[in-house]
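query-v7.tsv follows; it contains TSV, C-alpha atoms and all ligand atoms.
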```
chain	number	residue	atom	x	y	z
H	1	MET	CA	-17.12	-6.25	-16.00
H	2	SER	CA	-15.09	-9.44	-15.84
H	3	GLY	CA	-14.59	-12.63	-17.77
H	4	ASP	CA	-14.24	-10.55	-20.93
H	5	GLY	CA	-10.75	-9.40	-19.97
H	6	GLY	CA	-12.03	-5.96	-18.89
H	7	GLY	CA	-10.69	-4.15	-15.87
H	8	VAL	CA	-12.48	-4.27	-12.55
H	9	ARG	CA	-12.16	-1.32	-10.19
H	10	VAL	CA	-12.32	-1.72	-6.42
H	11	GLU	CA	-13.85	1.26	-4.61
H	12	VAL	CA	-13.83	1.88	-0.89
H	13	ARG	CA	-16.06	4.77	0.18
H	14	ASP	CA	-16.28	6.25	3.69
H	15	LEU	CA	-15.65	2.84	5.17
H	16	THR	CA	-15.73	2.59	8.96
H	17	LYS	CA	-15.44	-0.47	11.19
H	18	ARG	CA	-15.69	-0.43	14.95
H	19	PHE	CA	-15.11	-3.47	17.11
H	20	GLY	CA	-16.63	-2.34	20.42
H	21	SER	CA	-14.51	0.60	21.51
H	22	VAL	CA	-11.80	-0.06	18.88
H	23	THR	CA	-12.14	1.86	15.63
H	24	ALA	CA	-10.19	-0.33	13.20
H	25	VAL	CA	-11.12	1.63	10.06
H	26	ASN	CA	-12.33	5.23	10.10
H	27	GLY	CA	-13.96	6.99	7.12
H	28	LEU	CA	-11.58	5.36	4.63
H	29	SER	CA	-11.95	6.07	0.90
H	30	PHE	CA	-9.69	4.95	-1.95
H	31	THR	CA	-9.86	3.37	-5.39
H	32	VAL	CA	-7.81	0.44	-6.69
H	33	GLU	CA	-7.42	0.63	-10.45
H	34	PRO	CA	-7.01	-2.27	-12.85
H	35	GLY	CA	-3.72	-2.68	-14.74
H	36	VAL	CA	-1.46	-1.53	-11.90
H	37	VAL	CA	-0.16	-2.99	-8.65
H	38	THR	CA	-1.40	-0.95	-5.69
H	39	GLY	CA	0.33	-1.12	-2.32
H	40	PHE	CA	-1.85	-0.90	0.77
H	41	LEU	CA	0.60	0.34	3.38
H	42	GLY	CA	0.52	1.10	7.06
H	43	PRO	CA	1.99	-0.09	10.34
H	44	ASN	CA	0.67	-3.14	12.19
H	45	GLY	CA	-2.87	-2.54	13.41
H	46	ALA	CA	-3.56	0.26	10.88
H	47	GLY	CA	-6.66	-1.54	9.62
H	48	LYS	CA	-5.41	-3.12	6.39
H	49	THR	CA	-6.62	-6.66	7.03
H	50	THR	CA	-9.98	-5.41	8.33
H	51	THR	CA	-10.42	-3.33	5.15
H	52	MET	CA	-9.57	-6.32	2.93
H	53	ARG	CA	-12.00	-8.46	4.89
H	54	MET	CA	-14.72	-5.84	4.34
H	55	ILE	CA	-13.99	-5.79	0.58
H	56	LEU	CA	-14.42	-9.58	0.65
H	57	GLY	CA	-17.68	-9.40	2.61
H	58	LEU	CA	-16.13	-11.29	5.56
H	59	VAL	CA	-16.62	-8.36	7.95
H	60	THR	CA	-19.71	-6.13	7.87
H	61	PRO	CA	-18.85	-2.42	7.82
H	62	THR	CA	-20.20	-0.21	10.59
H	63	SER	CA	-20.80	2.31	7.78
H	64	GLY	CA	-19.65	3.00	4.24
H	65	THR	CA	-19.25	0.71	1.23
H	66	ALA	CA	-16.70	-1.44	-0.55
H	67	THR	CA	-17.52	-2.41	-4.13
H	68	ILE	CA	-15.89	-4.52	-6.81
H	69	GLY	CA	-16.83	-3.48	-10.33
H	70	GLY	CA	-19.62	-1.40	-8.78
H	71	ARG	CA	-21.14	-4.15	-6.62
H	72	PRO	CA	-20.60	-5.37	-3.09
H	73	TYR	CA	-18.83	-8.75	-2.97
H	74	ALA	CA	-22.02	-10.55	-1.90
H	75	ASP	CA	-23.85	-9.28	-5.02
H	76	LEU	CA	-21.22	-10.47	-7.52
H	77	PRO	CA	-22.52	-13.17	-9.87
H	78	HIS	CA	-19.30	-15.22	-9.47
H	79	PRO	CA	-17.57	-13.77	-6.39
H	80	SER	CA	-14.68	-16.23	-6.03
H	81	ARG	CA	-13.95	-16.09	-9.77
H	82	THR	CA	-13.94	-12.30	-9.64
H	83	VAL	CA	-11.76	-11.84	-6.56
H	84	GLY	CA	-8.86	-14.08	-5.54
H	85	ALA	CA	-7.52	-13.50	-2.06
H	86	VAL	CA	-5.34	-14.95	0.63
H	87	LEU	CA	-5.55	-13.20	3.97
H	88	ASP	CA	-4.18	-15.83	6.32
H	89	SER	CA	-0.76	-17.13	5.41
H	90	SER	CA	-0.71	-19.86	8.04
H	91	SER	CA	-3.71	-21.74	6.74
H	92	PHE	CA	-1.93	-24.78	5.34
H	93	HIS	CA	-2.67	-28.25	6.66
H	94	PRO	CA	0.85	-29.30	7.71
H	95	GLY	CA	0.34	-32.90	6.59
H	96	HIS	CA	-0.87	-31.94	3.11
H	97	VAL	CA	1.42	-31.75	0.14
H	98	ALA	CA	1.13	-28.47	-1.78
H	99	ARG	CA	-0.81	-30.12	-4.61
H	100	ASP	CA	-3.45	-31.43	-2.13
H	101	HIS	CA	-3.79	-28.01	-0.56
H	102	LEU	CA	-4.50	-26.51	-3.98
H	103	ALA	CA	-6.91	-29.31	-4.86
H	104	VAL	CA	-8.93	-28.67	-1.65
H	105	TYR	CA	-9.24	-24.96	-2.49
H	106	CYS	CA	-10.01	-25.81	-6.11
H	107	ARG	CA	-12.95	-27.98	-5.07
H	108	MET	CA	-14.15	-25.39	-2.55
H	109	GLY	CA	-14.16	-22.73	-5.25
H	110	GLY	CA	-15.80	-25.04	-7.79
H	111	TYR	CA	-12.98	-24.56	-10.31
H	112	PRO	CA	-11.91	-27.24	-12.80
H	113	LEU	CA	-9.19	-29.45	-11.24
H	114	ASP	CA	-6.91	-28.67	-14.21
H	115	ARG	CA	-6.35	-25.33	-12.52
H	116	VAL	CA	-4.11	-27.05	-9.93
H	117	ASP	CA	-1.47	-27.98	-12.49
H	118	GLU	CA	-1.90	-24.67	-14.28
H	119	VAL	CA	-1.13	-22.58	-11.17
H	120	ILE	CA	1.72	-24.92	-10.16
H	121	HIS	CA	3.25	-24.22	-13.57
H	122	GLN	CA	2.43	-20.50	-13.43
H	123	LEU	CA	4.09	-20.08	-10.01
H	124	GLY	CA	7.04	-22.32	-10.87
H	125	ILE	CA	6.43	-24.51	-7.79
H	126	GLY	CA	6.57	-27.87	-9.57
H	127	GLU	CA	9.65	-28.99	-7.65
H	128	PHE	CA	7.90	-28.78	-4.28
H	129	ALA	CA	4.30	-29.48	-5.35
H	130	ASP	CA	4.48	-33.01	-3.94
H	131	ARG	CA	6.18	-32.11	-0.65
H	132	ARG	CA	4.40	-31.70	2.67
H	133	THR	CA	3.81	-28.04	3.53
H	134	ARG	CA	5.10	-28.68	7.09
H	135	GLY	CA	8.72	-28.07	6.07
H	136	PHE	CA	8.09	-25.16	3.70
H	137	SER	CA	10.27	-22.06	3.82
H	138	THR	CA	8.61	-18.62	3.94
H	139	GLY	CA	9.26	-18.14	0.23
H	140	MET	CA	7.62	-21.50	-0.61
H	141	ARG	CA	4.62	-20.60	1.58
H	142	GLN	CA	4.22	-17.24	-0.07
H	143	ARG	CA	4.28	-18.83	-3.53
H	144	LEU	CA	1.74	-21.43	-2.48
H	145	ASN	CA	-0.46	-18.60	-1.11
H	146	LEU	CA	-0.27	-16.82	-4.44
H	147	ALA	CA	-1.05	-20.04	-6.28
H	148	THR	CA	-4.15	-20.46	-4.08
H	149	ALA	CA	-5.30	-16.89	-4.82
H	150	LEU	CA	-4.89	-17.51	-8.56
H	151	LEU	CA	-6.93	-20.73	-8.74
H	152	GLY	CA	-10.13	-18.92	-9.77
H	153	ASP	CA	-8.32	-16.94	-12.51
H	154	ALA	CA	-9.88	-13.83	-10.93
H	155	ARG	CA	-9.54	-10.32	-12.35
H	156	VAL	CA	-9.03	-8.88	-8.85
H	157	LEU	CA	-6.36	-10.10	-6.42
H	158	LEU	CA	-6.20	-9.08	-2.76
H	159	LEU	CA	-2.94	-10.21	-1.19
H	160	ASP	CA	-2.19	-9.65	2.48
H	161	GLU	CA	1.55	-9.21	3.10
H	162	PRO	CA	2.77	-11.38	0.17
H	163	SER	CA	6.30	-9.99	0.57
H	164	ASN	CA	6.50	-10.79	4.28
H	165	GLY	CA	9.72	-12.65	5.02
H	166	LEU	CA	10.93	-12.80	1.40
H	167	ASP	CA	14.61	-12.31	0.66
H	168	PRO	CA	15.68	-9.77	-2.01
H	169	GLU	CA	15.60	-12.48	-4.68
H	170	GLY	CA	12.06	-13.43	-3.63
H	171	ILE	CA	10.98	-9.80	-3.72
H	172	ALA	CA	12.45	-9.39	-7.21
H	173	TRP	CA	10.52	-12.46	-8.33
H	174	LEU	CA	7.31	-11.15	-6.70
H	175	ARG	CA	7.72	-7.82	-8.46
H	176	SER	CA	7.91	-9.33	-11.92
H	177	PHE	CA	5.14	-11.81	-11.16
H	178	LEU	CA	2.67	-9.19	-9.88
H	179	LYS	CA	3.61	-6.84	-12.72
H	180	GLY	CA	2.74	-9.63	-15.15
H	181	LEU	CA	-0.70	-9.98	-13.53
H	182	ALA	CA	-1.31	-6.22	-13.69
H	183	ASP	CA	-0.17	-6.16	-17.32
H	184	GLN	CA	-2.98	-8.62	-18.06
H	185	GLY	CA	-5.36	-5.89	-16.85
H	186	ARG	CA	-5.92	-7.40	-13.41
H	187	THR	CA	-6.48	-5.31	-10.30
H	188	VAL	CA	-3.83	-6.12	-7.71
H	189	LEU	CA	-3.92	-4.86	-4.11
H	190	VAL	CA	-0.95	-5.85	-1.95
H	191	SER	CA	-0.75	-4.98	1.73
H	192	SER	CA	2.47	-4.48	3.66
H	193	HIS	CA	3.71	-2.82	6.82
H	194	VAL	CA	7.22	-2.42	5.39
H	195	LEU	CA	7.55	0.11	2.59
H	196	SER	CA	10.99	-1.11	1.52
H	197	GLU	CA	9.58	-4.59	0.84
H	198	VAL	CA	7.04	-3.32	-1.69
H	199	GLU	CA	8.73	-0.11	-2.87
H	200	GLN	CA	9.97	-1.87	-6.00
H	201	VAL	CA	6.78	-3.91	-6.42
H	202	VAL	CA	3.97	-1.33	-6.48
H	203	ASP	CA	3.00	1.50	-8.85
H	204	GLU	CA	0.34	3.14	-6.69
H	205	VAL	CA	0.08	3.44	-2.93
H	206	VAL	CA	-2.65	3.88	-0.37
H	207	VAL	CA	-1.14	4.69	3.04
H	208	VAL	CA	-3.21	4.26	6.19
H	209	ARG	CA	-2.59	5.05	9.83
H	210	ARG	CA	-4.98	4.15	12.63
H	211	GLY	CA	-7.67	3.25	10.10
H	212	GLU	CA	-7.46	6.58	8.27
H	213	LEU	CA	-6.04	7.55	4.89
H	214	VAL	CA	-2.84	9.59	5.15
H	215	ALA	CA	-1.67	9.49	1.53
H	216	SER	CA	-2.59	8.05	-1.83
H	217	GLY	CA	-1.19	8.36	-5.31
H	218	THR	CA	1.61	7.06	-7.46
H	219	MET	CA	4.98	6.03	-6.05
H	220	ALA	CA	6.40	9.03	-7.94
H	221	GLU	CA	4.06	11.35	-6.00
H	222	LEU	CA	5.11	9.78	-2.72
H	223	SER	CA	8.75	10.22	-3.75
H	224	SER	CA	8.20	13.88	-4.58
H	225	ALA	CA	7.01	14.38	-1.02
H	226	ALA	CA	10.43	13.14	0.03
H	227	THR	CA	11.93	16.61	0.10
H	228	ALA	CA	11.46	17.30	3.75
H	229	ALA	CA	13.14	20.67	4.09
H	230	VAL	CA	15.51	23.22	2.58
H	231	VAL	CA	18.60	24.46	4.40
H	232	VAL	CA	19.34	28.12	3.55
H	233	ARG	CA	22.64	29.94	4.13
H	234	SER	CA	22.19	33.68	4.21
H	235	PRO	CA	24.00	36.64	5.80
H	236	ASP	CA	20.50	38.16	6.23
H	237	ASP	CA	19.25	35.05	8.01
H	238	GLU	CA	17.32	36.80	10.80
H	239	ARG	CA	15.32	39.02	8.46
H	240	LEU	CA	14.89	36.14	6.01
H	241	ALA	CA	13.54	33.91	8.78
H	242	GLU	CA	11.07	36.65	9.82
H	243	THR	CA	9.96	37.14	6.23
H	244	LEU	CA	9.54	33.40	5.66
H	245	ARG	CA	7.39	33.16	8.78
H	246	ALA	CA	5.25	36.16	7.85
H	247	GLU	CA	4.76	35.91	4.09
H	248	SER	CA	3.21	33.36	1.80
H	249	VAL	CA	4.57	32.50	-1.66
H	250	GLN	CA	1.99	31.72	-4.37
H	251	GLY	CA	-0.49	31.00	-1.61
H	252	THR	CA	1.88	28.65	0.24
H	253	ARG	CA	3.41	29.39	3.61
H	254	ALA	CA	6.40	27.72	5.28
H	255	THR	CA	5.23	25.13	7.81
H	256	SER	CA	8.40	25.47	9.86
H	257	VAL	CA	11.28	27.99	9.94
H	258	GLU	CA	14.12	27.19	12.30
H	259	ARG	CA	17.45	28.97	12.83
H	260	LEU	CA	20.07	26.23	13.07
H	261	GLU	CA	23.04	28.56	13.76
H	262	ALA	CA	24.12	32.03	12.79
H	263	GLY	CA	23.71	32.34	9.02
H	264	THR	CA	21.78	29.07	8.55
H	265	ILE	CA	18.04	28.39	8.62
H	266	ARG	CA	15.99	25.30	7.89
H	267	VAL	CA	12.64	25.73	6.13
H	268	GLU	CA	9.84	23.21	5.70
H	269	GLY	CA	6.89	23.51	3.35
H	270	LEU	CA	8.47	25.66	0.60
H	271	THR	CA	10.59	24.73	-2.42
H	272	THR	CA	14.06	26.14	-3.08
H	273	ALA	CA	12.57	28.28	-5.90
H	274	GLN	CA	9.86	29.72	-3.63
H	275	ILE	CA	12.43	30.62	-0.97
H	276	ALA	CA	14.77	32.23	-3.52
H	277	ASP	CA	11.89	34.26	-5.03
H	278	LEU	CA	10.72	35.48	-1.63
H	279	ALA	CA	14.27	36.48	-0.69
H	280	ALA	CA	14.71	38.37	-3.99
H	281	ASP	CA	11.38	40.20	-3.51
H	282	HIS	CA	12.64	41.47	-0.15
H	283	ARG	CA	16.21	42.16	-1.37
H	284	LEU	CA	17.64	39.61	1.06
H	285	ARG	CA	20.86	37.80	0.18
H	286	VAL	CA	20.93	34.01	-0.19
H	287	HIS	CA	24.28	32.24	-0.56
H	288	GLU	CA	23.15	28.63	-0.65
H	289	LEU	CA	19.91	26.61	-0.85
H	290	THR	CA	20.21	22.89	-0.13
H	291	PRO	CA	17.21	20.53	-0.34
H	292	GLU	CA	17.35	18.07	2.53
H	293	ARG	CA	16.24	14.77	1.03
H	294	SER	CA	14.73	12.06	3.13
H	295	THR	CA	14.45	8.49	2.01
H	296	LEU	CA	11.05	7.09	1.06
H	297	GLU	CA	11.21	5.04	4.24
H	298	GLN	CA	11.54	8.25	6.28
H	299	VAL	CA	8.57	9.77	4.43
H	300	PHE	CA	6.56	6.63	5.14
H	301	LEU	CA	7.48	6.68	8.83
H	302	ARG	CA	6.63	10.36	9.07
H	303	LEU	CA	3.27	9.80	7.37
H	304	THR	CA	2.34	6.89	9.55
H	305	SER	CA	3.54	8.35	12.83
H	306	ASP	CA	2.55	12.02	12.63
H	307	PRO	CA	-1.17	12.77	12.22
H	308	ARG	CA	-0.45	16.25	10.83
H	309	GLU	CA	1.44	14.99	7.78
H	310	SER	CA	-0.17	14.08	4.48
H	311	VAL	CA	0.89	13.92	0.83
H	312	ARG	CA	-2.45	14.93	-0.69
H	401	LIG	N1	-12.29	-9.12	15.24
H	401	LIG	C1	-11.76	-8.11	15.90
H	401	LIG	N2	-12.18	-7.76	17.13
H	401	LIG	C2	-11.64	-6.71	17.80
H	401	LIG	N3	-10.66	-5.93	17.32
H	401	LIG	C3	-10.19	-6.22	16.09
H	401	LIG	C4	-10.70	-7.31	15.32
H	401	LIG	N4	-10.03	-7.36	14.13
H	401	LIG	C5	-9.14	-6.33	14.17
H	401	LIG	N5	-9.23	-5.65	15.34
H	401	LIG	C6	-8.44	-4.46	15.72
H	401	LIG	O1	-8.56	-3.52	14.69
H	401	LIG	C7	-7.32	-2.83	14.48
H	401	LIG	C8	-6.88	-3.00	13.05
H	401	LIG	O2	-6.45	-4.35	12.84
H	401	LIG	P1	-6.04	-4.94	11.41
H	401	LIG	O3	-5.66	-6.38	11.61
H	401	LIG	O4	-7.08	-4.62	10.42
H	401	LIG	O5	-4.74	-4.09	11.09
H	401	LIG	P2	-3.60	-4.38	10.03
H	401	LIG	O6	-3.23	-3.06	9.45
H	401	LIG	O7	-4.01	-5.44	9.09
H	401	LIG	O8	-2.42	-4.87	10.96
H	401	LIG	P3	-1.50	-6.17	10.82
H	401	LIG	O9	-0.49	-5.84	9.78
H	401	LIG	O10	-0.93	-6.27	12.21
H	401	LIG	O11	-2.42	-7.32	10.48
H	401	LIG	C9	-6.36	-3.38	15.51
H	401	LIG	O12	-6.39	-2.53	16.62
H	401	LIG	C10	-6.96	-4.74	15.85
H	401	LIG	O13	-6.62	-5.12	17.16
```

For the structure just supplied, provide its representation as structure tokens.
Ligand SMILES: Nc1ncnc2c1ncn2[C@@H]1O[C@H](COP(=O)(O)OP(=O)(O)OP(=O)(O)O)[C@@H](O)[C@H]1O
Amino acid sequence: MSGDGGGVRVEVRDLTKRFGSVTAVNGLSFTVEPGVVTGFLGPNGAGKTTTMRMILGLVTPTSGTATIGGRPYADLPHPSRTVGAVLDSSSFHPGHVARDHLAVYCRMGGYPLDRVDEVIHQLGIGEFADRRTRGFSTGMRQRLNLATALLGDARVLLLDEPSNGLDPEGIAWLRSFLKGLADQGRTVLVSSHVLSEVEQVVDEVVVVRRGELVASGTMAELSSAATAAVVVRSPDDERLAETLRAESVQGTRATSVERLEAGTIRVEGLTTAQIADLAADHRLRVHELTPERSTLEQVFLRLTSDPRESVR
């Protein structure tokens, strides 16, 4: 399962957590695969941190399971060497230098003290390893967080908002660093509430809203959902609109048909090809079909704000 360089899968099944009347996580299921960086996305309060805490056995689920390589965290033979995590980015002792901070965590985890210098080297933080963390910039803090998560040389890494506050250069660095970890066969789950911060960093995404899954899949699949609508110009627009509302194409029906102005309609839920085929079947003229592209950020906002939307 681990220690031999093999991949370790994280599986969340029907996970629910209620805190009194607040349902933080609701029937959530997803899988985090080894060898790729998976983004765990959703707005503030969507339940990301609670889910990560349940994977780490820090919060007891109301129902459902979270397993790492098939076992709950508490049943792992070497839990802290299997999963490296940093959930709280403000946990530095301000008077400690970075090296001391790492040494404290190294002792707590029972890792050899050599690991401190190894992660300092790996993260390229040698130049500020002997400075007090009090004056650290966000970028320095994020690197020290990552260094802490890597101390146990774990096959699974759970990172809560590692891109938070990084500048574009920092994000570029994070991307290549996390990719390197995934290329070693590690399982990397990275949470964020800002898609644009992790868009370039992650291969797979799990999108949550109010504790529920709204989309999962590859970034390419999320991108393909980015075609929001098709604008159609047709002299037969009224009849075409009626037909689009009434008929399905290959089992799919338009989710919205709206007349923008005389001769122009906007269609959601069908591709340009499906609309053209339907028009041809009914001998209706189409002069122009224009896919209306939204940015990934717009798709993300739509997914996380509208309960009716989903990619899969
Ligand atoms: N210990 C707790 N007691 C009561 N409510 C809690 C507790 N922990 C989390 N919650 C609530 O559960 C919901 C989900 O919170 P959570 O921190 O998991 O979301 P998140 O997606 O990580 O958001 P953020 O990015 O803001 O951390 C929120 O409504 C939060 O207030």

Non-local contacts of stretch 60-73 of chain H (6 Å; all atoms listed in the file; under 4 positions in same chain excluded) as a ChimeraX atom specification = /H:8-17,55-56

Contacts with ligand LIG 401 (chain H) at most 7 Å, all atoms listed in the file counted, listed as a list in words =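 Counting all atoms listed in the file, the residues within 7 Å of ligand LIG 401 (chain H) come out as Phe19, Val22, Thr23, Ala24, Val25, Gly42, Pro43, Asn44, Gly45, Ala46, Gly47, Lys48, Thr49, Thr50, Thr51, Ser192, His193 and Gly211 of chain H.
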
Do a neighbour search on stretch 31-36 of chain H at 12 Å with all atoms listed in the file, toss out local chain neighbours closer than 5 positions, and write the hits as a ChimeraX atom specification.
-> /H:1-2,5-14,52,55,65-70,155-158,175,178-190,201-206,213,216-219

For the selection just defined, write its residues with C-alpha atoms to a file, as an mmCIF file, in the frame of the given file.
```
data_model
loop_
_atom_site.group_PDB
_atom_site.id
_atom_site.type_symbol
_atom_site.label_atom_id
_atom_site.label_comp_id
_atom_site.auth_asym_id
_atom_site.auth_seq_id
_atom_site.Cartn_x
_atom_site.Cartn_y
_atom_site.Cartn_z
ATOM 1 C CA MET H 1 -17.120 -6.250 -16.000
ATOM 2 C CA SER H 2 -15.090 -9.440 -15.840
ATOM 3 C CA GLY H 5 -10.750 -9.400 -19.970
ATOM 4 C CA GLY H 6 -12.030 -5.960 -18.890
ATOM 5 C CA GLY H 7 -10.690 -4.150 -15.870
ATOM 6 C CA VAL H 8 -12.480 -4.270 -12.550
ATOM 7 C CA ARG H 9 -12.160 -1.320 -10.190
ATOM 8 C CA VAL H 10 -12.320 -1.720 -6.420
ATOM 9 C CA GLU H 11 -13.850 1.260 -4.610
ATOM 10 C CA VAL H 12 -13.830 1.880 -0.890
ATOM 11 C CA ARG H 13 -16.060 4.770 0.180
ATOM 12 C CA ASP H 14 -16.280 6.250 3.690
ATOM 13 C CA MET H 52 -9.570 -6.320 2.930
ATOM 14 C CA ILE H 55 -13.990 -5.790 0.580
ATOM 15 C CA THR H 65 -19.250 0.710 1.230
ATOM 16 C CA ALA H 66 -16.700 -1.440 -0.550
ATOM 17 C CA THR H 67 -17.520 -2.410 -4.130
ATOM 18 C CA ILE H 68 -15.890 -4.520 -6.810
ATOM 19 C CA GLY H 69 -16.830 -3.480 -10.330
ATOM 20 C CA GLY H 70 -19.620 -1.400 -8.780
ATOM 21 C CA ARG H 155 -9.540 -10.320 -12.350
ATOM 22 C CA VAL H 156 -9.030 -8.880 -8.850
ATOM 23 C CA LEU H 157 -6.360 -10.100 -6.420
ATOM 24 C CA LEU H 158 -6.200 -9.080 -2.760
ATOM 25 C CA ARG H 175 7.720 -7.820 -8.460
ATOM 26 C CA LEU H 178 2.670 -9.190 -9.880
ATOM 27 C CA LYS H 179 3.610 -6.840 -12.720
ATOM 28 C CA GLY H 180 2.740 -9.630 -15.150
ATOM 29 C CA LEU H 181 -0.700 -9.980 -13.530
ATOM 30 C CA ALA H 182 -1.310 -6.220 -13.690
ATOM 31 C CA ASP H 183 -0.170 -6.160 -17.320
ATOM 32 C CA GLN H 184 -2.980 -8.620 -18.060
ATOM 33 C CA GLY H 185 -5.360 -5.890 -16.850
ATOM 34 C CA ARG H 186 -5.920 -7.400 -13.410
ATOM 35 C CA THR H 187 -6.480 -5.310 -10.300
ATOM 36 C CA VAL H 188 -3.830 -6.120 -7.710
ATOM 37 C CA LEU H 189 -3.920 -4.860 -4.110
ATOM 38 C CA VAL H 190 -0.950 -5.850 -1.950
ATOM 39 C CA VAL H 201 6.780 -3.910 -6.420
ATOM 40 C CA VAL H 202 3.970 -1.330 -6.480
ATOM 41 C CA ASP H 203 3.000 1.500 -8.850
ATOM 42 C CA GLU H 204 0.340 3.140 -6.690
ATOM 43 C CA VAL H 205 0.080 3.440 -2.930
ATOM 44 C CA VAL H 206 -2.650 3.880 -0.370
ATOM 45 C CA LEU H 213 -6.040 7.550 4.890
ATOM 46 C CA SER H 216 -2.590 8.050 -1.830
ATOM 47 C CA GLY H 217 -1.190 8.360 -5.310
ATOM 48 C CA THR H 218 1.610 7.060 -7.460
ATOM 49 C CA MET H 219 4.980 6.030 -6.050
#
```

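Using all atoms listed in the file, the smallest distance between any of H:Leu41, H:Tyr105, H:Asp167, H:Leu240 and H:Leu303 comes from H:Leu41.
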
Selected residue, from H:Gly152, H:His121, H:Val194, H:Thr252, that lies nearest to H:Pro79 when counting all atoms listed in the file | H:Gly152

Could you check which of H:Val97, H:Ala74, H:Ala276, H:Leu150 is closest to H:Gly109, using all atoms listed in the file?
->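 Residue with the minimum atom-to-atom distance to H:Gly109: H:Leu150.
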
Length of the atom CA of H:Val83 to atom CA of H:Ala154 vector [Å] | 5.2 Å

Exercise: H:His101 partners within 9 Å, all atoms listed in the file, chain neighbours under 3 positions left out, as a count of residues only = 11

Neighbourhood query: residues within 6 Å of (-8.3, 8.7, 6.3), file coordinates, counting all atoms listed in the file; return as a PyMOL selection string.
-> chain H and resi 27-28+212-214

Preceding selection exported with C-alpha atoms as a PDB file, keeping the file's coordinate frame:
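The result, written out as selection09.pdb:
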```pdb
ATOM      1  CA  GLY H  27     -13.960   6.990   7.120  1.00  0.00           C
ATOM      2  CA  LEU H  28     -11.580   5.360   4.630  1.00  0.00           C
ATOM      3  CA  GLU H 212      -7.460   6.580   8.270  1.00  0.00           C
ATOM      4  CA  LEU H 213      -6.040   7.550   4.890  1.00  0.00           C
ATOM      5  CA  VAL H 214      -2.840   9.590   5.150  1.00  0.00           C
TER       6      VAL H 214
END
```

Figure out the distance between atom CA of H:Ser305 and atom CA of H:Ala241, please, to one decimal in Å.
-> 27.7 Å

Separation of atom CA of H:Arg99 from atom CA of H:Phe128 in Å |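 It comes out at 8.8 Å.
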
Considering all atoms listed in the file, return as a PyMOL selection string whatever protein or nucleic-acid residues lie within 7 Å of stretch 229-239 of chain H, sequence-local ones (same chain, fewer than 5 positions apart) excluded.
-> chain H and resi 263-269+272+284-292

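Considering the residues H:Pro112, H:Gly126, H:Ala172, H:Arg209 and counting all atoms listed in the file, H:Asn26 has its shortest atom-to-atom contact with H:Arg209.
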
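The smallest atom-to-atom distance between H:Gly139 and any of H:Asp153, H:Glu169, H:Asp114, H:Glu258, using all atoms listed in the file, is found for H:Glu169.
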
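Restricting the calculation to only C-alpha atoms, the smallest distance between H:Ser176 and any of H:Thr82, H:Gln298, H:Gln200, H:Asn164 is found for H:Gln200.
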
Using only C-alpha atoms, determine which residues lie at most 9 Å from H:Leu278, disregarding the query and same-chain residues fewer than 2 positions distant; provide the list as a list of chain:residue names.
->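 Close residues of H:Leu278: H:Leu240, H:Thr243, H:Leu244, H:Glu247, H:Ser248, H:Val249, H:Ala273, H:Gln274, H:Ile275, H:Ala276, H:Ala280, H:Asp281, H:His282, H:Arg283, H:Leu284.
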
Selected residues written out, C-alpha atoms, as a short mmCIF file (atom, residue, chain, number, x, y, z; two decimals), in the frame of the given file:
```cif
data_model
loop_
_atom_site.label_atom_id
_atom_site.label_comp_id
_atom_site.auth_asym_id
_atom_site.auth_seq_id
_atom_site.Cartn_x
_atom_site.Cartn_y
_atom_site.Cartn_z
CA LEU H 240 14.89 36.14 6.01
CA THR H 243 9.96 37.14 6.23
CA LEU H 244 9.54 33.40 5.66
CA GLU H 247 4.76 35.91 4.09
CA SER H 248 3.21 33.36 1.80
CA VAL H 249 4.57 32.50 -1.66
CA ALA H 273 12.57 28.28 -5.90
CA GLN H 274 9.86 29.72 -3.63
CA ILE H 275 12.43 30.62 -0.97
CA ALA H 276 14.77 32.23 -3.52
CA ALA H 280 14.71 38.37 -3.99
CA ASP H 281 11.38 40.20 -3.51
CA HIS H 282 12.64 41.47 -0.15
CA ARG H 283 16.21 42.16 -1.37
CA LEU H 284 17.64 39.61 1.06
#
```
